[in-house]
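As provided, query.cif (mmCIF, C-alpha atoms) reads as follows.
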data_my_file
#
loop_
_atom_site.label_atom_id
_atom_site.label_comp_id
_atom_site.auth_asym_id
_atom_site.auth_seq_id
_atom_site.Cartn_x
_atom_site.Cartn_y
_atom_site.Cartn_z
CA LEU U 1 142.37 59.38 53.24
CA ILE U 2 143.11 62.13 55.70
CA SER U 3 144.25 61.10 59.19
CA GLN U 4 141.62 61.77 61.87
CA HIS U 5 144.14 62.05 64.71
CA LYS U 6 144.29 65.52 66.17
CA GLY U 7 146.29 67.16 68.90
CA ASN U 8 149.83 66.89 70.13
CA PRO U 9 150.98 63.23 70.12
CA THR U 10 153.79 63.79 72.63
CA SER U 11 153.14 63.14 76.30
CA ARG U 12 152.89 66.06 78.69
CA TYR U 13 154.52 64.02 81.43
CA SER U 14 157.96 62.43 81.59
CA ASP U 15 158.54 58.76 82.38
CA LYS U 16 159.46 59.76 85.92
CA ASP U 17 156.10 61.51 86.33
CA LEU U 18 154.21 58.49 84.97
CA GLU U 19 156.08 56.19 87.35
CA PHE U 20 155.08 58.49 90.21
CA VAL U 21 151.41 58.28 89.18
CA ASP U 22 151.60 54.49 88.82
CA LYS U 23 153.21 54.19 92.25
CA VAL U 24 150.35 56.16 93.83
CA ILE U 25 147.81 53.96 92.02
CA GLU U 26 149.50 50.82 93.34
CA GLU U 27 149.86 52.10 96.90
CA GLN U 28 146.53 53.89 97.28
CA TYR U 29 143.99 52.52 94.78
CA GLU U 30 144.98 48.87 94.33
CA THR U 31 144.61 47.83 97.97
CA TYR U 32 142.13 45.82 100.01
CA LYS U 33 140.86 49.04 101.56
CA GLN U 34 139.28 49.78 98.14
CA LYS U 35 139.62 53.54 98.19
CA ASN U 36 137.72 55.06 95.33
CA ALA U 37 139.53 56.79 92.48
CA LEU U 38 138.76 60.28 93.76
CA GLN U 39 140.34 59.58 97.15
CA ALA U 40 143.43 58.18 95.44
CA TYR U 41 143.57 61.22 93.14
CA LEU U 42 143.44 63.63 96.08
CA ILE U 43 146.35 61.77 97.66
CA LEU U 44 148.20 62.02 94.34
CA ARG U 45 147.72 65.79 94.28
CA LYS U 46 148.98 66.12 97.85
CA LYS U 47 152.06 63.95 97.20
CA TRP U 48 152.73 65.72 93.89
CA LEU U 49 152.94 69.10 95.65
CA GLU U 50 155.05 67.67 98.49
CA SER U 51 157.53 66.08 96.08
CA GLY U 52 158.11 69.34 94.25
CA LEU U 53 157.73 67.93 90.75
CA ILE U 54 157.97 70.62 88.08
CA SER U 55 155.29 69.27 85.73
CA PRO U 56 151.69 70.43 86.21
CA ILE U 57 149.53 68.25 88.44
CA PRO U 58 147.76 65.59 86.34
CA SER U 59 144.03 66.12 85.87
CA HIS U 60 141.55 63.73 87.41
CA THR U 61 140.52 62.48 83.95
CA PHE U 62 144.16 61.65 83.16
CA PHE U 63 144.38 59.78 86.48
CA TYR U 64 141.15 57.85 85.83
CA ASP U 65 142.31 56.92 82.32
CA ARG U 66 145.62 55.72 83.75
CA ILE U 67 143.71 53.48 86.18
CA LYS U 68 141.55 52.06 83.38
CA LYS U 69 144.59 51.26 81.22
CA ARG U 70 146.10 49.02 83.86
CA ASN U 71 145.51 45.25 83.87
CA SER U 72 141.95 44.82 85.17
CA TYR U 73 142.48 41.22 86.36
CA GLN U 74 145.51 42.18 88.48
CA GLN U 75 143.72 45.28 89.74
CA THR U 76 140.64 43.32 90.83
CA LYS U 77 142.86 40.66 92.40
CA LYS U 78 144.65 43.29 94.49
CA ARG U 79 141.44 45.07 95.49
CA MET U 80 138.98 42.19 96.00
CA GLY U 81 140.95 38.95 95.98
CA VAL U 82 141.48 36.00 93.67
CA ARG U 83 137.88 34.74 93.69
CA ALA U 84 136.44 38.07 92.57
CA ALA U 85 139.13 38.44 89.91
CA ASN U 86 138.41 34.98 88.52
CA ASN U 87 134.67 35.68 88.46
CA ARG U 88 135.29 38.79 86.33
CA LEU U 89 136.93 36.74 83.57
#

Please rewrite the model in this file as structure tokens.
Amino acid sequence: LISQHKGNPTSRYSDKDLEFVDKVIEEQYETYKQKNALQAYLILRKKWLESGLISPIPSHTFFYDRIKKRNSYQQTKKRMGVRAANNRL
């Protein structure tokens, strides 16, 4: 059978860049203030330009996918509390 995987398998972003994105997700998205993903992404763009990182700014779809790949129980716990997180199980 022929492999169905297409595209470049290497990541566009370095580990340092991914850590930067994860840090913004933790500090801006996973909080009790429950900012939506777009607000957190706009903050990411602003901080990315301020930090002077060389890599291109991540797209919003990359950012949303990165949010979805994180642990949903922990994310709900940080955003809504333990009761809401347990109810989502």

Near-Ile57 in chain U list (12 Å; all atoms listed in the file; drop same-chain fewer than 4 positions) as a VMD selection string: chain U and resid 12 to 13 17 to 18 20 to 21 41 to 53 61 to 63

Selection above as a file: C-alpha atoms, as a CSV table (one decimal), keeping the file's coordinate frame:
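Written output follows (selection_6.csv):
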chain,number,residue,atom,x,y,z
U,12,ARG,CA,152.9,66.1,78.7
U,13,TYR,CA,154.5,64.0,81.4
U,17,ASP,CA,156.1,61.5,86.3
U,18,LEU,CA,154.2,58.5,85.0
U,20,PHE,CA,155.1,58.5,90.2
U,21,VAL,CA,151.4,58.3,89.2
U,41,TYR,CA,143.6,61.2,93.1
U,42,LEU,CA,143.4,63.6,96.1
U,43,ILE,CA,146.4,61.8,97.7
U,44,LEU,CA,148.2,62.0,94.3
U,45,ARG,CA,147.7,65.8,94.3
U,46,LYS,CA,149.0,66.1,97.8
U,47,LYS,CA,152.1,64.0,97.2
U,48,TRP,CA,152.7,65.7,93.9
U,49,LEU,CA,152.9,69.1,95.6
U,50,GLU,CA,155.0,67.7,98.5
U,51,SER,CA,157.5,66.1,96.1
U,52,GLY,CA,158.1,69.3,94.2
U,53,LEU,CA,157.7,67.9,90.8
U,61,THR,CA,140.5,62.5,84.0
U,62,PHE,CA,144.2,61.6,83.2
U,63,PHE,CA,144.4,59.8,86.5

What is the distance between CA of Ala84 in chain U and CA of Lys68 in chain U, in Å to one decimal?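 Computing it gives 17.5 Å between the two atoms.
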
Can you spell out as a list in words the set of residues that the PyMOL selection byres ((chain U and resi 75-82) around 9) selects in the structure I just provided?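 Applying the PyMOL selection byres ((chain U and resi 75-82) around 9) to the structure shown produces Glu26, Tyr29, Glu30, Thr31, Tyr32, Lys33, Gln34, Ile67, Arg70, Asn71, Ser72, Tyr73, Gln74, Arg83, Ala84, Ala85, Asn86, Asn87 and Arg88 of chain U.
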
Separation of CA of Arg66 in chain U from CA of Ile25 in chain U in Å: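 Answer for the CA of Ile25 in chain U to CA of Arg66 in chain U separation: 8.7 Å.
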
Please, what distance in Å, to one decimal, runs between CA of Lys69 in chain U and CA of Ser3 in chain U?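 It comes out at 24.1 Å.
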
When distances are computed from all atoms listed in the file, which of U:Ala40, U:Ile54, U:Lys35, U:Thr10 shows the smallest separation from Asp22 in chain U?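 Among the listed residues, U:Ala40 lies closest to Asp22 in chain U.
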
Box for range 63-78 of chain U: with edges along x, y and z, all listed atoms inside and 6 Å added on each side, what are the centre and edge lengths in Å to one decimal, as AutoDock Vina command-line options?
--center_x 143.4 --center_y 50.2 --center_z 87.9 --size_x 17.5 --size_y 31.1 --size_z 25.3

Would you save range 25-36 of chain U from the block above with all heavy atoms, as a compact mmCIF listing (two decimals), in the first residue's frame?
# COMPACT_ATOMS: atom_id res chain seq x y z
N ILE U 25 -0.55 30.06 26.22
CA ILE U 25 -1.80 29.33 26.45
C ILE U 25 -2.06 29.19 27.94
O ILE U 25 -3.18 29.42 28.41
CB ILE U 25 -1.76 27.95 25.75
CG1 ILE U 25 -1.80 28.12 24.23
CG2 ILE U 25 -2.92 27.07 26.22
CD1 ILE U 25 -1.57 26.83 23.46
N GLU U 26 -1.02 28.83 28.70
CA GLU U 26 -1.19 28.67 30.15
C GLU U 26 -1.53 29.99 30.84
O GLU U 26 -2.39 30.03 31.71
CB GLU U 26 0.09 28.10 30.76
CG GLU U 26 0.33 26.65 30.45
CD GLU U 26 1.65 26.15 31.01
OE1 GLU U 26 2.21 26.82 31.91
OE2 GLU U 26 2.13 25.12 30.52
N GLU U 27 -0.84 31.06 30.43
CA GLU U 27 -1.03 32.34 31.12
C GLU U 27 -2.26 33.10 30.67
O GLU U 27 -2.81 33.90 31.44
CB GLU U 27 0.20 33.22 30.91
CG GLU U 27 1.45 32.70 31.59
CD GLU U 27 2.68 33.52 31.27
OE1 GLU U 27 2.58 34.47 30.45
OE2 GLU U 27 3.75 33.22 31.83
N GLN U 28 -2.70 32.91 29.45
CA GLN U 28 -3.80 33.71 28.92
C GLN U 28 -5.10 32.93 28.72
O GLN U 28 -6.17 33.45 28.97
CB GLN U 28 -3.40 34.36 27.58
CG GLN U 28 -2.20 35.26 27.68
CD GLN U 28 -2.42 36.44 28.61
OE1 GLN U 28 -3.52 36.98 28.69
NE2 GLN U 28 -1.37 36.84 29.30
N TYR U 29 -5.00 31.69 28.25
CA TYR U 29 -6.22 30.93 27.93
C TYR U 29 -6.70 30.09 29.11
O TYR U 29 -7.89 30.05 29.39
CB TYR U 29 -5.96 30.04 26.71
CG TYR U 29 -7.17 29.26 26.27
CD1 TYR U 29 -8.23 29.89 25.63
CD2 TYR U 29 -7.27 27.90 26.51
CE1 TYR U 29 -9.35 29.19 25.23
CE2 TYR U 29 -8.38 27.18 26.11
CZ TYR U 29 -9.41 27.83 25.47
OH TYR U 29 -10.52 27.12 25.08
N GLU U 30 -5.77 29.44 29.80
CA GLU U 30 -6.15 28.53 30.89
C GLU U 30 -6.20 29.28 32.21
O GLU U 30 -5.47 28.99 33.15
CB GLU U 30 -5.16 27.37 30.96
CG GLU U 30 -5.23 26.47 29.75
CD GLU U 30 -4.22 25.34 29.78
OE1 GLU U 30 -3.30 25.37 30.61
OE2 GLU U 30 -4.38 24.42 28.98
N THR U 31 -7.12 30.23 32.31
CA THR U 31 -7.29 31.01 33.53
C THR U 31 -8.78 31.09 33.86
O THR U 31 -9.63 30.78 33.03
CB THR U 31 -6.75 32.44 33.36
OG1 THR U 31 -7.49 33.09 32.33
CG2 THR U 31 -5.28 32.44 33.03
N TYR U 32 -9.07 31.52 35.08
CA TYR U 32 -10.48 31.66 35.48
C TYR U 32 -11.19 32.76 34.71
O TYR U 32 -12.41 32.78 34.64
CB TYR U 32 -10.59 31.97 36.98
CG TYR U 32 -10.57 30.73 37.83
CD1 TYR U 32 -9.57 30.51 38.76
CD2 TYR U 32 -11.57 29.78 37.72
CE1 TYR U 32 -9.56 29.38 39.54
CE2 TYR U 32 -11.57 28.64 38.49
CZ TYR U 32 -10.56 28.43 39.41
OH TYR U 32 -10.56 27.31 40.17
N LYS U 33 -10.44 33.68 34.13
CA LYS U 33 -11.08 34.75 33.37
C LYS U 33 -11.73 34.23 32.09
O LYS U 33 -12.54 34.90 31.48
CB LYS U 33 -10.07 35.85 33.03
CG LYS U 33 -9.63 36.61 34.24
CD LYS U 33 -8.85 37.83 33.86
CE LYS U 33 -8.50 38.60 35.13
NZ LYS U 33 -8.06 39.94 34.85
N GLN U 34 -11.33 33.03 31.66
CA GLN U 34 -11.91 32.34 30.51
C GLN U 34 -11.91 33.19 29.24
O GLN U 34 -12.92 33.33 28.56
CB GLN U 34 -13.33 31.88 30.82
CG GLN U 34 -13.40 30.83 31.88
CD GLN U 34 -14.79 30.27 32.07
OE1 GLN U 34 -15.66 30.47 31.24
NE2 GLN U 34 -14.99 29.57 33.16
N LYS U 35 -10.75 33.74 28.92
CA LYS U 35 -10.62 34.43 27.64
C LYS U 35 -10.84 33.42 26.53
O LYS U 35 -10.46 32.25 26.66
CB LYS U 35 -9.23 35.03 27.50
CG LYS U 35 -8.93 36.14 28.46
CD LYS U 35 -7.52 36.65 28.27
CE LYS U 35 -7.21 37.70 29.30
NZ LYS U 35 -5.81 38.11 29.24
N ASN U 36 -11.45 33.86 25.45
CA ASN U 36 -11.63 32.92 24.35
C ASN U 36 -10.32 32.76 23.58
O ASN U 36 -9.36 33.50 23.80
CB ASN U 36 -12.80 33.30 23.45
CG ASN U 36 -12.61 34.63 22.75
OD1 ASN U 36 -11.49 35.03 22.46
ND2 ASN U 36 -13.71 35.32 22.48
